file upload.txt (compact mmCIF, C-alpha atoms)
# COMPACT_ATOMS: atom_id res chain seq x y z
CA MET A 295 0.00 0.00 0.00
CA ARG A 296 2.80 2.39 0.94
CA LEU A 297 4.63 1.54 -2.29
CA THR A 298 1.55 2.39 -4.33
CA ILE A 299 1.11 5.78 -2.65
CA GLY A 300 4.78 6.60 -3.28
CA ARG A 301 4.48 5.76 -6.92
CA VAL A 302 1.42 7.99 -7.21
CA LEU A 303 3.23 10.92 -5.60
CA ILE A 304 6.23 10.39 -7.88
CA GLY A 305 3.91 10.31 -10.87
CA ILE A 306 2.17 13.50 -9.81
CA PHE A 307 5.51 15.21 -9.29
CA GLY A 308 6.70 14.08 -12.71
CA LEU A 309 3.56 15.36 -14.38
CA ALA A 310 3.98 18.70 -12.63
CA VAL A 311 7.58 18.99 -13.84
CA LEU A 312 6.53 18.04 -17.38
CA ALA A 313 3.71 20.64 -17.32
CA GLY A 314 6.15 23.29 -16.13
CA VAL A 315 8.61 22.48 -18.94
CA VAL A 316 5.83 22.55 -21.53
CA TYR A 317 4.50 25.85 -20.14
CA GLY A 318 7.99 27.35 -20.22
CA PHE A 319 8.31 26.61 -23.93
CA LEU A 320 4.88 27.90 -24.86
CA PRO A 321 5.01 31.27 -26.79
CA ARG A 322 4.04 34.17 -24.56
CA PRO A 323 2.18 37.21 -25.89
CA VAL A 324 4.16 40.46 -26.16
CA ASP A 325 2.77 43.53 -24.39
CA VAL A 326 2.32 46.28 -26.98
CA ASP A 327 0.78 49.74 -27.36
CA LEU A 328 -1.81 49.98 -30.12
CA GLY A 329 -2.83 52.94 -32.30
CA GLN A 330 -5.55 53.33 -34.88
CA VAL A 331 -5.58 54.27 -38.55
CA SER A 332 -7.98 57.19 -38.92
CA ARG A 333 -8.96 60.11 -41.09
CA GLY A 334 -8.32 63.72 -40.16
CA ALA A 335 -6.37 66.87 -40.88
CA LEU A 336 -2.67 66.44 -41.61
CA LEU A 337 -0.16 69.28 -41.68
CA VAL A 338 3.42 69.03 -42.91
CA ALA A 339 5.21 72.11 -41.66
CA VAL A 340 8.54 73.66 -40.72
CA ASN A 341 8.47 74.42 -37.00
CA GLU A 342 10.74 77.26 -35.89
CA ASP A 343 10.86 80.10 -33.40
CA GLY A 344 10.64 83.65 -34.71
CA LYS A 345 9.88 87.15 -33.55
CA THR A 346 7.57 89.98 -34.47
CA ARG A 347 8.81 93.26 -35.83
CA ILE A 348 7.16 96.51 -36.81
CA ARG A 349 7.10 96.72 -40.59
CA ASP A 350 8.10 100.39 -40.90
CA ARG A 351 10.20 102.02 -38.18
CA TYR A 352 11.21 105.66 -38.30
CA VAL A 353 14.11 107.23 -36.43
CA ILE A 354 13.44 110.95 -36.03
CA SER A 355 16.74 112.82 -36.01
CA MET A 356 18.00 116.38 -35.89
CA PRO A 357 17.36 118.12 -39.25
CA PHE A 358 20.17 120.56 -38.43
CA ALA A 359 22.43 121.40 -35.52
CA GLY A 360 20.82 123.17 -32.59
CA ARG A 361 19.79 123.05 -28.97
CA ILE A 362 16.72 120.94 -28.18
CA SER A 363 14.28 121.10 -25.31
CA ARG A 364 13.71 118.07 -23.08
CA ILE A 365 11.70 115.34 -24.81
CA MET A 366 8.66 114.59 -22.65
CA LEU A 367 7.58 111.44 -24.52
CA ASP A 368 8.14 107.93 -23.16
CA PRO A 369 8.08 104.54 -24.93
CA GLY A 370 4.46 103.55 -25.52
CA ASP A 371 3.13 107.11 -25.86
CA SER A 372 0.92 107.73 -28.88
CA VAL A 373 1.90 110.29 -31.53
CA THR A 374 -0.06 111.76 -34.43
CA GLY A 375 1.57 112.33 -37.80
CA GLY A 376 2.21 116.02 -38.51
CA GLU A 377 0.72 117.14 -35.18
CA SER A 378 2.61 115.68 -32.21
CA VAL A 379 5.63 117.80 -31.27
CA ILE A 380 8.67 115.69 -30.50
CA THR A 381 10.91 118.55 -29.38
CA THR A 382 11.71 122.20 -30.13
CA ILE A 383 15.06 123.22 -31.63
CA PHE A 384 16.55 126.53 -30.59
CA PRO A 385 19.32 128.13 -32.65
CA THR A 386 22.97 127.95 -31.73
CA ILE A 387 24.12 131.31 -33.09
CA PRO A 388 27.33 131.01 -34.66
CA GLU A 389 26.78 127.51 -36.18
CA LEU A 390 23.43 128.19 -37.79
CA LEU A 391 24.63 131.43 -39.39
CA ASN A 392 28.09 130.63 -40.70
CA PRO A 393 28.65 130.03 -44.46
CA ARG A 394 29.45 126.37 -44.04
CA THR A 395 26.15 125.65 -42.27
CA LEU A 396 24.29 127.65 -44.93
CA ALA A 397 25.88 125.58 -47.74
CA GLU A 398 25.06 122.35 -45.91
CA ALA A 399 21.43 123.45 -45.48
CA GLU A 400 21.14 124.23 -49.19
CA ALA A 401 22.67 120.82 -50.05
CA ARG A 402 20.16 119.07 -47.78
CA VAL A 403 17.30 120.84 -49.57
CA ARG A 404 18.57 119.64 -52.96
CA ALA A 405 19.05 116.10 -51.64
CA ALA A 406 15.55 116.12 -50.15
CA GLU A 407 14.07 117.34 -53.45
CA SER A 408 15.79 114.49 -55.26
CA ALA A 409 14.43 112.02 -52.68
CA VAL A 410 10.89 113.32 -53.31
CA GLU A 411 11.30 112.85 -57.06
CA ARG A 412 12.69 109.35 -56.55
CA ALA A 413 9.81 108.47 -54.23
CA ALA A 414 7.31 109.67 -56.86
CA SER A 415 8.92 107.39 -59.45
CA THR A 416 8.79 104.48 -57.01
CA ILE A 417 5.07 105.10 -56.40
CA GLU A 418 4.37 105.11 -60.14
CA LYS A 419 6.19 101.82 -60.59
CA ALA A 420 4.48 100.27 -57.54
CA ARG A 421 1.06 101.48 -58.74
CA SER A 422 1.71 100.05 -62.21
CA ASP A 423 2.77 96.71 -60.70
CA ARG A 424 -0.30 96.72 -58.45
CA ASP A 425 -2.65 97.45 -61.38
CA TRP A 426 -1.06 94.67 -63.41
CA ALA A 427 -1.37 92.23 -60.50
CA ALA A 428 -5.01 93.28 -59.97
CA SER A 429 -5.91 92.73 -63.61
CA THR A 430 -4.10 89.38 -63.61
CA ALA A 431 -5.88 88.27 -60.43
CA ASP A 432 -9.23 89.36 -61.87
CA ARG A 433 -8.58 87.46 -65.10
CA ILE A 434 -7.51 84.28 -63.30
CA ARG A 435 -10.48 84.62 -60.93
CA ARG A 436 -12.84 84.63 -63.92
CA LEU A 437 -11.02 81.66 -65.42
CA HIS A 438 -11.31 79.82 -62.12
CA GLU A 439 -15.04 80.50 -62.01
CA GLN A 440 -15.21 78.94 -65.47
CA ARG A 441 -13.05 76.03 -64.22
CA ALA A 442 -10.41 76.90 -66.78
CA THR A 443 -7.47 77.14 -64.34
CA THR A 444 -6.24 75.64 -61.07
CA VAL A 445 -6.77 76.82 -57.52
CA GLU A 446 -2.98 77.14 -57.13
CA ARG A 447 -2.81 79.76 -59.92
CA LEU A 448 -5.65 81.72 -58.26
CA VAL A 449 -3.91 81.60 -54.86
CA ASP A 450 -0.59 82.69 -56.42
CA ALA A 451 -2.28 85.59 -58.26
CA GLU A 452 -4.07 86.80 -55.12
CA SER A 453 -0.86 86.49 -53.08
CA LEU A 454 1.00 88.51 -55.73
CA LEU A 455 -1.75 91.16 -55.62
CA ARG A 456 -1.46 91.46 -51.83
CA SER A 457 2.30 91.75 -52.12
CA ARG A 458 2.02 94.49 -54.78
CA GLU A 459 -0.51 96.37 -52.63
CA SER A 460 1.88 96.22 -49.67
CA GLU A 461 4.71 97.53 -51.87
CA LEU A 462 2.51 100.42 -53.05
CA ALA A 463 1.58 101.29 -49.47
CA ALA A 464 5.25 101.22 -48.47
CA ALA A 465 6.17 103.43 -51.44
CA GLU A 466 3.46 105.96 -50.54
CA SER A 467 4.66 105.98 -46.93
CA ALA A 468 8.25 106.54 -48.11
CA SER A 469 7.01 109.43 -50.27
CA ASP A 470 5.34 111.03 -47.23
CA ILE A 471 8.58 110.72 -45.28
CA ALA A 472 10.57 112.23 -48.18
CA ARG A 473 8.22 115.24 -48.35
CA TYR A 474 8.44 115.65 -44.60
CA GLU A 475 12.25 115.60 -44.77
CA LEU A 476 12.13 118.18 -47.59
CA GLU A 477 10.02 120.46 -45.40
CA GLN A 478 12.51 120.03 -42.59
CA ALA A 479 15.44 120.81 -44.89
CA ARG A 480 13.74 123.94 -46.25
CA ALA A 481 12.88 125.03 -42.74
CA GLY A 482 16.51 124.59 -41.75
CA LEU A 483 17.57 126.73 -44.70
CA ILE A 484 15.18 129.51 -43.65
CA ARG A 485 16.59 129.47 -40.15
CA SER A 486 20.09 129.70 -41.60
CA GLN A 487 19.25 133.04 -43.24
CA PRO A 488 18.55 135.70 -40.55
CA ARG A 489 16.13 138.49 -41.28
CA GLU A 490 15.48 141.67 -39.38
CA ALA A 491 12.30 142.46 -37.44
CA ILE A 492 11.65 138.79 -36.62
CA SER A 493 11.11 137.75 -33.02
CA ALA A 494 13.18 135.09 -31.27
CA ALA A 495 10.19 132.73 -31.30
CA ASP A 496 10.29 132.65 -35.10
CA TRP A 497 13.79 131.17 -34.92
CA GLN A 498 12.56 128.14 -33.01
CA TYR A 499 11.74 124.98 -34.94
CA GLU A 500 9.33 122.29 -33.83
CA VAL A 501 10.08 118.68 -34.81
CA HIS A 502 6.86 116.74 -35.49
CA SER A 503 6.22 113.03 -35.80
CA PRO A 504 6.01 111.97 -39.47
CA ILE A 505 3.54 109.13 -38.77
CA THR A 506 0.72 108.17 -36.46
CA GLY A 507 1.81 105.44 -34.09
CA LYS A 508 3.63 104.94 -30.81
CA VAL A 509 7.04 105.83 -29.43
CA LEU A 510 9.31 102.78 -29.47
CA ARG A 511 12.53 104.20 -28.07
CA VAL A 512 13.82 107.55 -26.82
CA MET A 513 17.51 107.99 -27.65
CA GLN A 514 17.93 111.56 -26.35
CA GLN A 515 15.57 112.68 -23.59
CA SER A 516 17.44 115.47 -21.85
CA ALA A 517 17.92 118.97 -23.27
CA ALA A 518 21.20 119.16 -25.16
CA THR A 519 23.00 120.75 -28.09
CA LEU A 520 23.18 118.17 -30.87
CA ALA A 521 24.69 117.93 -34.33
CA ALA A 522 22.65 117.45 -37.48
CA GLY A 523 21.56 113.84 -37.88
CA ALA A 524 21.68 112.98 -34.18
CA PRO A 525 18.85 110.47 -33.43
CA LEU A 526 16.10 111.65 -31.07
CA ILE A 527 13.37 108.99 -30.90
CA GLU A 528 12.12 105.98 -32.83
CA VAL A 529 8.42 105.69 -33.72
CA GLY A 530 6.30 103.06 -35.44
CA ASP A 531 2.84 101.58 -35.66
CA PRO A 532 2.58 98.49 -33.37
CA ALA A 533 -0.56 97.36 -35.20
CA ASP A 534 1.43 97.03 -38.44
CA ILE A 535 3.68 94.13 -37.47
CA GLU A 536 5.10 91.19 -39.35
CA MET A 537 6.96 88.00 -38.44
CA GLU A 538 10.64 87.26 -38.96
CA ILE A 539 11.27 83.52 -38.75
CA ASP A 540 14.75 82.14 -39.36
CA VAL A 541 14.77 78.59 -40.72
CA LEU A 542 17.44 76.17 -41.89
CA SER A 543 18.46 76.78 -45.49
CA GLN A 544 17.42 73.23 -46.51
CA ASP A 545 13.92 74.00 -45.21
CA ALA A 546 13.83 77.46 -46.81
CA VAL A 547 14.08 76.04 -50.33
CA ARG A 548 10.73 74.22 -49.77
CA ILE A 549 8.83 77.30 -48.57
CA ARG A 550 6.86 79.34 -51.10
CA PRO A 551 5.34 82.83 -50.80
CA GLY A 552 1.69 82.55 -49.83
CA ALA A 553 2.22 79.50 -47.61
CA LYS A 554 0.15 79.57 -44.42
CA VAL A 555 1.83 80.26 -41.09
CA TYR A 556 0.27 79.10 -37.82
CA VAL A 557 1.45 80.85 -34.64
CA ASP A 558 1.07 78.93 -31.37
CA HIS A 559 2.07 79.75 -27.78
CA TRP A 560 2.16 83.49 -28.40
CA GLY A 561 0.22 84.27 -25.24
CA GLY A 562 -3.33 84.31 -26.60
CA GLU A 563 -6.00 81.64 -26.27
CA THR A 564 -6.24 80.78 -29.97
CA PRO A 565 -3.52 80.32 -32.61
CA LEU A 566 -2.92 83.14 -35.09
CA VAL A 567 -2.78 82.64 -38.85
CA GLY A 568 -0.54 84.41 -41.34
CA ALA A 569 1.00 83.97 -44.78
CA VAL A 570 4.57 84.00 -46.08
CA ARG A 571 5.36 87.18 -47.99
CA LEU A 572 9.05 86.73 -48.67
CA VAL A 573 11.81 84.15 -48.37
CA GLU A 574 14.96 86.26 -48.25
CA PRO A 575 17.43 85.37 -51.02
CA ALA A 576 20.52 85.52 -48.78
CA GLY A 577 21.29 83.35 -45.76
CA PHE A 578 23.49 83.86 -42.73
CA THR A 579 25.50 81.76 -40.29
CA LYS A 580 24.11 81.21 -36.80
CA VAL A 581 25.60 79.19 -33.95
CA SER A 582 23.03 76.91 -32.34
CA ALA A 583 22.66 76.29 -28.60
CA LEU A 584 24.83 73.17 -29.05
CA GLY A 585 27.62 75.21 -30.63
CA VAL A 586 26.99 74.01 -34.20
CA GLU A 587 27.22 76.49 -37.06
CA GLU A 588 24.06 76.50 -39.17
CA GLN A 589 23.13 78.24 -42.38
CA ARG A 590 19.78 79.92 -41.84
CA VAL A 591 17.42 82.08 -43.90
CA ASN A 592 14.88 84.68 -42.77
CA VAL A 593 11.26 84.06 -43.78
CA ILE A 594 9.03 87.15 -43.57
CA ALA A 595 5.31 86.57 -42.98
CA ASP A 596 2.26 88.83 -42.55
CA PHE A 597 -0.61 88.25 -40.15
CA SER A 598 -3.94 87.41 -41.80
CA VAL A 599 -6.02 88.11 -38.68
CA PRO A 600 -7.20 91.61 -37.73
CA ALA A 601 -5.04 93.69 -35.40
CA SER A 602 -7.79 93.55 -32.76
CA GLU A 603 -7.20 89.80 -32.34
CA ARG A 604 -3.50 90.36 -31.57
CA ALA A 605 -3.65 93.71 -29.81
CA THR A 606 -1.31 92.60 -27.02
CA LEU A 607 1.37 91.36 -29.44
CA GLY A 608 4.12 93.96 -29.70
CA ASP A 609 7.48 94.53 -31.33
CA SER A 610 10.21 91.86 -30.98
CA PHE A 611 7.86 89.37 -29.26
CA ARG A 612 8.66 85.66 -29.57
CA VAL A 613 6.40 83.52 -31.77
CA ASP A 614 6.28 79.75 -32.20
CA ALA A 615 5.59 79.40 -35.92
CA ARG A 616 4.57 76.46 -38.10
CA ILE A 617 5.09 77.18 -41.81
CA ALA A 618 2.86 74.89 -43.87
CA LEU A 619 4.53 72.92 -46.67
CA TRP A 620 1.46 70.76 -47.32
CA GLU A 621 -1.88 70.21 -45.59
CA GLY A 622 -4.97 68.11 -46.12
CA GLU A 623 -8.37 68.03 -44.44
CA SER A 624 -9.55 64.39 -44.60
CA VAL A 625 -6.40 62.34 -44.89
CA LEU A 626 -6.11 58.62 -44.10
CA GLN A 627 -3.18 58.52 -41.69
CA VAL A 628 -1.24 56.19 -39.45
CA PRO A 629 0.78 57.15 -36.34
CA ALA A 630 4.40 57.75 -37.34
CA SER A 631 5.63 55.72 -34.36
CA ALA A 632 4.15 52.58 -35.96
CA LEU A 633 6.35 52.81 -39.08
CA PHE A 634 9.56 50.87 -39.61
CA ARG A 635 11.71 49.98 -42.61
CA THR A 636 11.80 46.59 -44.26
CA GLY A 637 14.45 46.85 -46.92
CA GLY A 638 13.43 49.88 -48.93
CA ASP A 639 9.74 49.72 -47.99
CA TRP A 640 7.70 51.04 -45.10
CA SER A 641 5.96 48.46 -42.92
CA VAL A 642 3.71 48.24 -39.86
CA PHE A 643 2.47 45.48 -37.58
CA VAL A 644 -1.32 45.21 -37.84
CA GLU A 645 -3.40 43.57 -35.09
CA GLU A 646 -5.27 40.57 -36.52
CA GLY A 647 -7.00 38.66 -33.73
CA ASP A 648 -4.33 38.07 -31.06
CA ARG A 649 -1.38 38.26 -33.45
CA ALA A 650 0.74 40.98 -35.06
CA VAL A 651 0.94 40.65 -38.82
CA ARG A 652 3.60 42.58 -40.71
CA ARG A 653 2.16 44.53 -43.62
CA THR A 654 4.01 46.58 -46.25
CA ILE A 655 2.37 49.92 -46.95
CA ARG A 656 2.91 52.97 -49.13
CA ILE A 657 2.91 56.39 -47.51
CA GLY A 658 2.81 59.97 -48.82
CA HIS A 659 3.25 63.15 -46.84
CA ARG A 660 4.26 62.79 -43.22
CA ASN A 661 5.26 64.75 -40.17
CA ALA A 662 6.62 63.80 -36.76
CA GLN A 663 3.23 62.55 -35.53
CA ALA A 664 1.53 60.87 -38.50
CA ALA A 665 1.95 59.77 -42.11
CA GLU A 666 -0.47 59.78 -45.03
CA VAL A 667 -1.48 56.25 -46.07
CA LEU A 668 -1.68 55.73 -49.82
CA GLU A 669 -1.92 51.96 -49.88
CA GLY A 670 -1.95 48.97 -47.52
CA LEU A 671 -4.18 50.06 -44.62
CA ALA A 672 -7.85 50.87 -44.09
CA GLU A 673 -9.59 53.19 -41.70
CA GLY A 674 -10.08 51.53 -38.31
CA ASP A 675 -7.07 49.18 -38.54
CA ARG A 676 -5.14 48.89 -35.26
CA VAL A 677 -1.35 49.01 -35.50
CA VAL A 678 1.46 48.39 -33.02
CA LEU A 679 3.19 51.53 -31.81
CA HIS A 680 6.97 51.52 -31.24
CA PRO A 681 7.50 47.89 -32.38
CA GLY A 682 10.58 46.35 -30.76
CA ASP A 683 13.03 43.62 -31.77
CA SER A 684 11.03 41.03 -29.81
CA LEU A 685 8.16 41.38 -32.28
CA SER A 686 8.05 39.41 -35.51
CA ASP A 687 5.47 38.53 -38.13
CA GLY A 688 2.78 36.37 -36.47
CA SER A 689 3.83 37.07 -32.86
CA LEU A 690 1.20 36.79 -30.15
CA ILE A 691 0.37 40.19 -28.72
CA VAL A 692 -1.71 41.67 -25.94
CA ALA A 693 -2.60 45.32 -25.55
CA ARG A 694 -0.70 46.90 -22.68
CA ARG A 695 -2.92 48.24 -19.97
CA ARG A 696 -2.50 51.94 -19.49
CA PRO A 697 -2.70 53.43 -15.98
call {"tool": "encode", "arguments": {"input": "upload.txt", "output": "structure tokens"}}
result
Amino acid sequence: MRLTIGRVLIGIFGLAVLAGVVYGFLPRPVDVDLGQVSRGALLVAVNEDGKTRIRDRYVISMPFAGRISRIMLDPGDSVTGGESVITTIFPTIPELLNPRTLAEAEARVRAAESAVERAASTIEKARSDRDWAASTADRIRRLHEQRATTVERLVDAESLLRSRESELAAAESASDIARYELEQARAGLIRSQPREAISAADWQYEVHSPITGKVLRVMQQSAATLAAGAPLIEVGDPADIEMEIDVLSQDAVRIRPGAKVYVDHWGGETPLVGAVRLVEPAGFTKVSALGVEEQRVNVIADFSVPASERATLGDSFRVDARIALWEGESVLQVPASALFRTGGDWSVFVEEGDRAVRRTIRIGHRNAQAAEVLEGLAEGDRVVLHPGDSLSDGSLIVARRRP
């Protein structure tokens, strides 16, 4: 009886050992993270930091040598073009009346007259370019309505028209400044030629702001005697700002004027939208934070949203910009972390039942988060994210539980 019980125990022990060995050799499922193939918006963009800058800045300087009163304006103060008095210049009697100063004043008048004529020619050219761009945009718009041309040609024509309108506005502003400088030069010439029976007040000269905007910087606040050309203050219009985004030169060659720019993390609740106006033709060398020299190019972009939606955004503020290279609205896409190379092809592991099946796919546009699926996957397929070396075609898998 005892011998029989011993044999039974030995048999049970042997079966347990055999079951353990068999269990040890059974394939175990691999814990994986799963993602889903879906449709949605896809944006391929160049992500870089940039800064805002006022489009037109004006440094108001001394039109001629003299003694100025204290400037009472501070950065942020509003000024009105042709009305706001920046400072008053009082004469310094031998310098304003000597022959050398008189000759210099006459030369400044002639130079200012030439600048006015040059500005008028620039306006004519800018107006002609704007009219040509307007007629071209109108013609392409009609063709587009008749479905005789592409949307890209219409977008390019409208972008060119906006650019030509901006150039005309800049030329007109430059003409206003040139006329203002001519008035200053003529006024300086009058004050260089003394006349009898004129009160001392008539020899004073008030310097006015040439534009309506705000004071950006005050270079000379205290009363002082200054030479001609000495800077006094800098003014500009904070509502008329643009973006300066420096990108790597290999990214710059893929950016086209008119491309959308999305601005995130600028301080507001919603992203801002703009458009590329210019990719500068010359690059520059910049040392990165890691000490690597990089060739970079400035991309200039305009805001498309009204100034009221970005009222708190000022000059030289940081912007986190995404410059669109391509974007689609309803794009079949797969998470980029699911992709891996098999030879020269792209592949993914697709969940089929409790196994991972390797599938070769064809992709199109992609960014760091997702890739456009052209062939090989369908909407709703579940794919393995971050596949490791332990995974092979046909491996048992189990979805990892997330905390």
call {"tool": "closest_residue", "arguments": {"input": "upload.txt", "among": "A:Gln515, A:Leu510, A:Thr606, A:Val547", "to": "A:Ile348", "atoms": "all atoms listed in the file"}}
result
A:Leu510
call {"tool": "residues_around", "arguments": {"input": "upload.txt", "residues": "A:Trp560", "least_positions_apart": "6", "cutoff": "8 Å", "atoms": "only C-alpha atoms", "output": "PyMOL selection string"}}
result
chain A and resi 607+612-614
call {"tool": "closest_residue", "arguments": {"input": "upload.txt", "among": "A:Ser684, A:Thr346, A:Ser332, A:Gln440", "to": "A:Asp609", "atoms": "all atoms listed in the file"}}
result
A:Thr346
call {"tool": "closest_atom_pairs", "arguments": {"input": "upload.txt", "of": "stretch 326-387 of chain A", "to": "stretch 622-646 of chain A", "cutoff": "12 Å", "atoms": "all atoms listed in the file", "output": "Markdown table"}}
result
| residue | atom | partner | partner_atom | distance |
| --- | --- | --- | --- | --- |
| A:Val326 | CA | A:Glu645 | CA | 10.3 |
| A:Asp327 | CA | A:Ala632 | CA | 9.7 |
| A:Leu328 | CA | A:Glu645 | CA | 8.3 |
| A:Gly329 | CA | A:Pro629 | CA | 6.9 |
| A:Gln330 | CA | A:Val628 | CA | 6.9 |
| A:Val331 | CA | A:Val628 | CA | 4.8 |
| A:Ser332 | CA | A:Leu626 | CA | 5.7 |
| A:Arg333 | CA | A:Leu626 | CA | 4.4 |
| A:Gly334 | CA | A:Ser624 | CA | 4.7 |
| A:Ala335 | CA | A:Glu623 | CA | 4.2 |
| A:Leu336 | CA | A:Gly622 | CA | 5.3 |
| A:Leu337 | CA | A:Gly622 | CA | 6.6 |
| A:Val338 | CA | A:Gly622 | CA | 9.0 |
| A:Ala339 | CA | A:Gly622 | CA | 11.8 |
call {"tool": "closest_residue", "arguments": {"input": "upload.txt", "among": "A:Val445, A:Ala672, A:Val410, A:Ala533", "to": "A:Ala605", "atoms": "all atoms listed in the file"}}
result
A:Ala533
call {"tool": "residues_around", "arguments": {"input": "upload.txt", "residues": "A:Thr519", "least_positions_apart": "3", "cutoff": "8 Å", "atoms": "only C-alpha atoms", "output": "short mmCIF file (atom, residue, chain, number, x, y, z; two decimals) with C-alpha atoms, keeping the file's coordinate frame"}}
result
data_model
loop_
_atom_site.label_atom_id
_atom_site.label_comp_id
_atom_site.auth_asym_id
_atom_site.auth_seq_id
_atom_site.Cartn_x
_atom_site.Cartn_y
_atom_site.Cartn_z
CA ALA A 359 22.43 121.40 -35.52
CA GLY A 360 20.82 123.17 -32.59
CA ARG A 361 19.79 123.05 -28.97
CA ILE A 362 16.72 120.94 -28.18
#
call {"tool": "closest_residue", "arguments": {"input": "upload.txt", "among": "A:Glu574, A:Glu563, A:Asp470, A:Glu528", "to": "A:Arg590", "atoms": "all atoms listed in the file"}}
result
A:Glu574
call {"tool": "residues_around", "arguments": {"input": "upload.txt", "residues": "A:Gly647", "least_positions_apart": "2", "cutoff": "10 Å", "atoms": "all atoms listed in the file", "output": "ChimeraX atom specification"}}
result
/A:644-645,649-651,690-692
call {"tool": "closest_residue", "arguments": {"input": "upload.txt", "among": "A:Leu619, A:Ala522, A:Ala409, A:Val586", "to": "A:Arg548", "atoms": "only C-alpha atoms"}}
result
A:Leu619
call {"tool": "atom_distance", "arguments": {"input": "upload.txt", "atom1": "atom CA of A:His438", "atom2": "atom CA of A:Trp426"}}
result
18.1 Å
call {"tool": "atom_distance", "arguments": {"input": "upload.txt", "atom1": "atom CA of A:Ser422", "atom2": "atom CA of A:Arg435"}}
result
19.7 Å
